[in-house]
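Beneath this line is the structure, given in structure tokens, with notes to follow.
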Amino acid sequence: TKVLLTGGSGFIAAHILDQLLSKGHTVVTTVRSEDKAARIRAAYPEQSASGALTVAIVSDIAQPNAFDEVVAAHSDVEVVLHTASPFHFKFKDPQKELISPAVNGTTGILSAITRFAPSVRRVVITSSFAAIIDEAKVTDPSHTFTEVSWNPVTLADIHNSPATAYRASKTLAEKAAWDFVNSGEGKGKFDLVTINPPMVFGPLAKAQYVSSPEAVNTSNERIVDLVKGRWKTNGTPATGAAIIWVDVRDVARAHVKAGLELGEEVSGKRLFVVSGEFSNAEIARVVKKRFPEFEGVVPDEEGLKTGEIPPEDKRFRWDNSATRRLLGFEWIGLEESIVDAVESIKAL
Ligand code: NDP
């Protein structure tokens, strides 16, 4: 199958790319710059030579029509996986740096497909738990988040905090996608599935270039901070509102399965891909148990108290049984995910 994967340089996308190529699919992936393209080609010399892998440049997904050229050049793609979207908190202007690329990138790829690639039958978009969560309910034990929950955040909230701005970018982008296929330009042209992961941990895939541990993707940053001794020095950070997680390889697997392997049963669905709950204290305990060389940088039990999971009566409930049924796979556990993430970070 010929697949278009946006944002191929990303943490999650690099795993999707690896899984697609190892299953023998033909992949066109987009990145922002020629140096990133060259690194991905170098990681897959055989597939680049055979034409199984094409890396194209789309420099700014916030621009209208950003994807037109690549989609028109590959009008025979059958499946599109759209992962590219900013995930960091280093912005000054949330509208310009987060909302525009997230929303315009999403509507831009969908619009390009309707105009240039009539053979696309399914589009999978990487959304997030950020589009499910409701900040007012995270400490409410009587509230259960599921596949049908929606974050009520609006554009008016984007200056509240960096986390809120990021959550708004994912919520507004996902809403725009559903509007596009349910009532907009894309009605009846292809079907849509979204993948909504919470915090994603795990190893870096071979095509993801990261220059130093400090440049690791946002969701693995806390593991870098831990192994660099920052928790020991500054205290174990609170786990935060998002106390659920999933391994990057399972997130990638969900994209591949939803895009290429499952049928009607997933069309129009949001897949809430969650392995389980975690806390920063638990991550630290895994590192201490499995990496004797880091024992000295892991805070002692007293020092881990600030990073425990909030008590039962101060945390939300979640239920992703519908997604588990649809995907039907075993989920990677926290210990394996953290150990593999630490191994990758050590290699940097
Ligand atoms: P990365 O930061 O590694 O990947 C983000 C990808 O989007 C990169 O390919 C990046 O390109 C691209 N991108 C970001 N901003 C722009 C822009 N303005 N123009 C063009 N491309 C851009 O993070 P992840 O792999 O974790 O994120 C991938 C997707 O998964 C995102 O949609 C994110 O919202 C979502 N997600 C991630 C979660 C997590 O915990 N990791 C949880 C839930 C959802 P470049 O490499 O050039 O920066």
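Residues are referred to by chain and number: the chain letter is A, B, ... according to the order shown in the structure tokens, the number counts from 1 in that chain, and ligands are numbered separately from 1 in the order shown.
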I'd like to know which residues of segment 133-272 of chain A are alpha helix (DSSP H) (by DSSP, run on the backbone); could you write them as a ChimeraX atom specification?
/A:162-182,221-227,230-234,248-256
Write down as number ranges by chain the residues of segment 212-298 of chain A whose backbone DSSP state falls under strand (DSSP E).
A: 244-247, 270-271, 276-277
Write a file of the just-selected residues containing C-alpha atoms, as a short mmCIF file (atom, residue, chain, number, x, y, z; two decimals), in the first residue's frame.
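Everything below was put into selection.cif:
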data_model
loop_
_atom_site.label_atom_id
_atom_site.label_comp_id
_atom_site.auth_asym_id
_atom_site.auth_seq_id
_atom_site.Cartn_x
_atom_site.Cartn_y
_atom_site.Cartn_z
CA ILE A 244 -1.92 8.03 31.87
CA TRP A 245 0.66 6.93 29.33
CA VAL A 246 1.37 4.63 26.37
CA ASP A 247 4.51 3.28 24.65
CA ARG A 270 -11.33 8.09 17.93
CA LEU A 271 -8.87 5.58 19.34
CA GLY A 276 -2.10 2.47 31.97
CA GLU A 277 -1.41 4.93 34.76
#
Could you list the protein, DNA and RNA residues that have any atom within 8 Å of ligand 1, counting only C-alpha atoms and all ligand atoms, and write them as a VMD selection string?
chain A and resid 6 to 14 31 to 33 36 58 to 62 82 to 88 97 to 98 101 to 102 105 125 to 130 170 196 to 201 216 to 220 245 248
Store the residues picked out above, limited to N, CA and C atoms, as a CSV table (one decimal), in the first residue's frame.
chain,number,residue,atom,x,y,z
A,6,THR,N,3.0,12.4,7.3
A,6,THR,CA,3.6,13.7,7.5
A,6,THR,C,4.4,13.8,8.8
A,7,GLY,N,5.4,14.6,8.8
A,7,GLY,CA,6.2,14.8,10.0
A,7,GLY,C,7.1,13.6,10.3
A,8,GLY,N,7.7,13.0,9.3
A,8,GLY,CA,8.5,11.8,9.4
A,8,GLY,C,9.7,11.9,10.4
A,9,SER,N,10.1,13.1,10.7
A,9,SER,CA,11.3,13.3,11.6
A,9,SER,C,10.9,13.2,13.1
A,10,GLY,N,9.6,13.1,13.4
A,10,GLY,CA,9.1,13.1,14.8
A,10,GLY,C,9.3,11.8,15.5
A,11,PHE,N,9.2,11.9,16.8
A,11,PHE,CA,9.4,10.7,17.7
A,11,PHE,C,8.4,9.6,17.4
A,12,ILE,N,7.1,9.9,17.3
A,12,ILE,CA,6.1,8.9,17.0
A,12,ILE,C,6.2,8.5,15.5
A,13,ALA,N,6.3,9.5,14.6
A,13,ALA,CA,6.4,9.2,13.2
A,13,ALA,C,7.5,8.3,12.8
A,14,ALA,N,8.7,8.5,13.4
A,14,ALA,CA,9.8,7.6,13.1
A,14,ALA,C,9.5,6.2,13.3
A,31,VAL,N,9.2,16.1,5.7
A,31,VAL,CA,9.9,16.8,6.8
A,31,VAL,C,10.1,18.2,6.5
A,32,ARG,N,10.6,19.0,7.4
A,32,ARG,CA,10.7,20.4,7.2
A,32,ARG,C,12.0,20.9,6.5
A,33,SER,N,13.0,20.0,6.5
A,33,SER,CA,14.3,20.5,6.0
A,33,SER,C,15.1,19.4,5.3
A,36,LYS,N,17.1,17.0,7.5
A,36,LYS,CA,16.3,15.9,8.1
A,36,LYS,C,16.0,14.8,7.1
A,58,VAL,N,8.2,19.7,3.2
A,58,VAL,CA,7.1,20.7,3.3
A,58,VAL,C,7.6,21.6,4.5
A,59,SER,N,8.0,22.8,4.1
A,59,SER,CA,8.7,23.6,5.1
A,59,SER,C,7.8,24.2,6.2
A,60,ASP,N,6.6,24.6,5.8
A,60,ASP,CA,5.8,25.2,6.8
A,60,ASP,C,4.3,24.8,6.7
A,61,ILE,N,3.9,23.9,7.6
A,61,ILE,CA,2.6,23.3,7.4
A,61,ILE,C,1.5,24.3,7.8
A,62,ALA,N,1.9,25.5,8.3
A,62,ALA,CA,0.8,26.5,8.7
A,62,ALA,C,0.4,27.3,7.4
A,82,HIS,N,-1.4,11.6,9.3
A,82,HIS,CA,-0.9,13.0,9.5
A,82,HIS,C,-0.5,13.1,11.0
A,83,THR,N,0.8,13.2,11.2
A,83,THR,CA,1.3,13.3,12.6
A,83,THR,C,1.9,14.7,12.9
A,84,ALA,N,2.3,15.4,11.9
A,84,ALA,CA,3.0,16.7,12.1
A,84,ALA,C,2.2,17.7,12.8
A,85,SER,N,2.7,18.2,13.9
A,85,SER,CA,2.0,19.2,14.7
A,85,SER,C,2.9,19.6,15.8
A,86,PRO,N,3.0,20.8,16.2
A,86,PRO,CA,4.0,21.2,17.2
A,86,PRO,C,3.6,20.6,18.6
A,87,PHE,N,4.6,20.0,19.2
A,87,PHE,CA,4.5,19.6,20.6
A,87,PHE,C,5.7,20.0,21.4
A,88,HIS,N,5.6,21.2,21.9
A,88,HIS,CA,6.6,21.7,22.8
A,88,HIS,C,6.0,22.9,23.5
A,97,GLU,N,2.5,30.0,16.7
A,97,GLU,CA,3.4,28.8,16.7
A,97,GLU,C,2.8,27.5,17.0
A,98,LEU,N,1.6,27.5,17.6
A,98,LEU,CA,0.9,26.2,17.9
A,98,LEU,C,-0.4,26.1,17.1
A,101,PRO,N,-0.1,26.1,12.9
A,101,PRO,CA,0.4,24.9,12.3
A,101,PRO,C,-0.5,23.6,12.6
A,102,ALA,N,-1.1,23.6,13.8
A,102,ALA,CA,-1.9,22.4,14.1
A,102,ALA,C,-3.2,22.4,13.3
A,105,GLY,N,-2.4,22.9,9.3
A,105,GLY,CA,-1.7,21.7,8.8
A,105,GLY,C,-2.8,20.6,8.6
A,125,ILE,N,-5.3,10.7,11.8
A,125,ILE,CA,-4.7,11.9,12.3
A,125,ILE,C,-4.3,11.6,13.7
A,126,THR,N,-3.0,12.0,14.1
A,126,THR,CA,-2.5,11.9,15.4
A,126,THR,C,-3.1,13.1,16.2
A,127,SER,N,-4.2,12.8,17.0
A,127,SER,CA,-4.7,13.8,17.9
A,127,SER,C,-4.1,13.5,19.2
A,128,SER,N,-4.8,13.6,20.3
A,128,SER,CA,-4.2,13.5,21.6
A,128,SER,C,-5.2,13.3,22.7
A,129,PHE,N,-4.8,12.8,23.9
A,129,PHE,CA,-5.6,12.9,25.1
A,129,PHE,C,-5.9,14.4,25.4
A,130,ALA,N,-5.0,15.3,24.9
A,130,ALA,CA,-5.2,16.7,25.0
A,130,ALA,C,-6.6,17.2,24.5
A,170,LYS,N,-4.5,20.9,19.8
A,170,LYS,CA,-4.9,19.6,19.4
A,170,LYS,C,-6.4,19.5,19.3
A,196,ASN,N,-5.7,9.0,19.8
A,196,ASN,CA,-5.6,10.0,20.9
A,196,ASN,C,-4.7,9.5,22.0
A,197,PRO,N,-3.4,9.6,21.9
A,197,PRO,CA,-2.6,9.1,23.0
A,197,PRO,C,-2.4,10.1,24.1
A,198,PRO,N,-2.2,9.5,25.4
A,198,PRO,CA,-1.8,10.4,26.5
A,198,PRO,C,-0.3,10.6,26.4
A,199,MET,N,0.4,10.7,27.5
A,199,MET,CA,1.9,10.8,27.6
A,199,MET,C,2.5,9.6,26.9
A,200,VAL,N,3.4,9.9,25.9
A,200,VAL,CA,4.0,8.8,25.2
A,200,VAL,C,5.5,8.7,25.6
A,201,PHE,N,5.9,7.5,26.1
A,201,PHE,CA,7.3,7.2,26.5
A,201,PHE,C,7.8,6.1,25.5
A,216,VAL,N,15.8,15.8,23.1
A,216,VAL,CA,14.8,14.7,23.0
A,216,VAL,C,13.4,15.3,23.0
A,217,ASN,N,12.5,14.5,22.4
A,217,ASN,CA,11.1,15.0,22.3
A,217,ASN,C,10.4,15.3,23.7
A,218,THR,N,9.4,16.1,23.6
A,218,THR,CA,8.8,16.6,24.9
A,218,THR,C,8.4,15.6,25.9
A,219,SER,N,7.7,14.5,25.4
A,219,SER,CA,7.2,13.6,26.4
A,219,SER,C,8.3,12.7,27.1
A,220,ASN,N,9.5,12.6,26.5
A,220,ASN,CA,10.6,11.8,27.1
A,220,ASN,C,11.5,12.8,27.9
A,245,TRP,N,-0.5,7.0,30.3
A,245,TRP,CA,0.7,6.9,29.3
A,245,TRP,C,0.5,5.8,28.4
A,248,VAL,N,5.5,4.4,22.7
A,248,VAL,CA,5.5,4.9,21.4
A,248,VAL,C,5.3,3.8,20.3
Neighbour list for Ala177 of chain A as JSON, numbers by chain, cut-off 7 Å, only C-alpha atoms, skip fewer than 3 positions in-chain:
{"A": [106, 107, 173, 174, 180, 181]}
Which residues are close to Val70 of chain A, i.e. within 10 Å by only C-alpha atoms, leaving aside same-chain residues fewer than 6 positions away? Reply as an NGL selection string.
:A and (4 or 28-30 or 55-58 or 109 or 112 or 116)
Would you mind exporting the chosen residues as a short mmCIF file (atom, residue, chain, number, x, y, z; two decimals), in the first residue's frame, restricted to C-alpha atoms?
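Printed below is result14.cif as written:
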data_model
loop_
_atom_site.label_atom_id
_atom_site.label_comp_id
_atom_site.auth_asym_id
_atom_site.auth_seq_id
_atom_site.Cartn_x
_atom_site.Cartn_y
_atom_site.Cartn_z
CA LEU A 4 1.78 9.40 2.93
CA VAL A 28 6.22 9.08 1.10
CA THR A 29 7.11 11.09 4.18
CA THR A 30 7.39 14.85 4.68
CA VAL A 55 11.24 11.91 1.61
CA ALA A 56 9.76 15.26 0.55
CA ILE A 57 10.11 18.74 2.02
CA VAL A 58 7.12 20.66 3.34
CA ILE A 109 -3.57 18.05 4.21
CA ALA A 112 -5.01 18.65 -0.68
CA PHE A 116 -5.39 15.85 -5.78
#
Residue contacts of Trp150 of chain A (8 Å, only C-alpha atoms) excluding same-chain residues fewer than 5 positions away, as a list of chain:residue names:
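Those residues are A:Ala131, A:Ile132, A:Ile133, A:Asp134, A:Thr171.
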Just-selected residues, N, CA and C atoms written as a PDB file, in the first residue's frame:
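As written to disk, result.pdb reads:
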ATOM      1  N   ALA A 131      -7.108  16.451  23.501  1.00  0.00           N
ATOM      2  CA  ALA A 131      -8.399  16.799  22.900  1.00  0.00           C
ATOM      3  C   ALA A 131      -9.562  16.110  23.625  1.00  0.00           C
ATOM      4  N   ILE A 132      -9.230  15.292  24.618  1.00  0.00           N
ATOM      5  CA  ILE A 132     -10.239  14.543  25.392  1.00  0.00           C
ATOM      6  C   ILE A 132     -10.397  15.134  26.794  1.00  0.00           C
ATOM      7  N   ILE A 133      -9.244  15.496  27.375  1.00  0.00           N
ATOM      8  CA  ILE A 133      -9.198  15.945  28.775  1.00  0.00           C
ATOM      9  C   ILE A 133     -10.056  17.207  28.976  1.00  0.00           C
ATOM     10  N   ASP A 134     -10.545  17.383  30.188  1.00  0.00           N
ATOM     11  CA  ASP A 134     -11.207  18.632  30.563  1.00  0.00           C
ATOM     12  C   ASP A 134     -10.498  19.072  31.834  1.00  0.00           C
ATOM     13  N   THR A 171      -7.107  20.093  20.206  1.00  0.00           N
ATOM     14  CA  THR A 171      -8.578  20.018  20.191  1.00  0.00           C
ATOM     15  C   THR A 171      -9.133  20.689  18.940  1.00  0.00           C
TER      16      THR A 171
END
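Nearest residue to Ala66 of chain A among A:Leu53, A:Leu21, A:Ala347, A:Ile113 is A:Ile113, counting only C-alpha atoms.
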Spatial neighbours of Ala42 of chain A, max dist 12 Å, only C-alpha atoms, sep filter under 3 positions, as a PDB file with C-alpha atoms, in the first residue's frame:
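Full text of out-v2.pdb as output:
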ATOM      1  CA  ASP A  35      19.124  17.817   6.404  1.00  0.00           C
ATOM      2  CA  LYS A  36      16.297  15.894   8.111  1.00  0.00           C
ATOM      3  CA  ALA A  37      15.367  14.327   4.767  1.00  0.00           C
ATOM      4  CA  ALA A  38      18.961  13.243   4.158  1.00  0.00           C
ATOM      5  CA  ARG A  39      19.207  11.607   7.591  1.00  0.00           C
ATOM      6  CA  PRO A  45      19.410   3.202   2.078  1.00  0.00           C
ATOM      7  CA  GLU A  46      17.821   0.148   0.455  1.00  0.00           C
ATOM      8  CA  GLN A  47      14.275   1.465   0.536  1.00  0.00           C
ATOM      9  CA  SER A  48      15.445   4.871  -0.684  1.00  0.00           C
ATOM     10  CA  ALA A  49      17.206   3.273  -3.627  1.00  0.00           C
ATOM     11  CA  LEU A  53      10.794   5.406   0.563  1.00  0.00           C
ATOM     12  CA  THR A  54      10.497   8.986  -0.690  1.00  0.00           C
ATOM     13  CA  VAL A  55      11.239  11.908   1.614  1.00  0.00           C
ATOM     14  CA  LYS A 206      16.456   4.494  14.157  1.00  0.00           C
ATOM     15  CA  ALA A 207      15.531   7.282  11.727  1.00  0.00           C
ATOM     16  CA  GLN A 208      14.908   9.876  14.426  1.00  0.00           C
ATOM     17  CA  TYR A 209      17.891  12.166  14.677  1.00  0.00           C
TER      18      TYR A 209
END
Enter the distance from atom CA of Lys346 of chain A to atom CA of Ala205 of chain A, in Å, rounded to one decimal.
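These two atoms are separated by 14.0 Å.
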Using only C-alpha atoms, which residue out of A:Val71, A:Gly24, A:Ile309, A:Val256 lies closest to Ser50 of chain A?
A:Gly24
Work out how far atom CA of Leu304 of chain A is from atom CA of Asp225 of chain A, in Å to one decimal.
14.0 Å
Non-local contacts of Val287 of chain A (9 Å; only C-alpha atoms; under 6 positions in same chain excluded) as a list in words:
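Neighbouring residues, sequence-local ones excluded: Leu226, Val227, Phe294, Glu295, Val298, Glu335, Ile338, Val339 and Val342 of chain A.
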Could you check which of A:Asp76, A:Glu264, A:Glu343, A:Glu293 is closest to Lys2 of chain A, using only C-alpha atoms?
A:Asp76
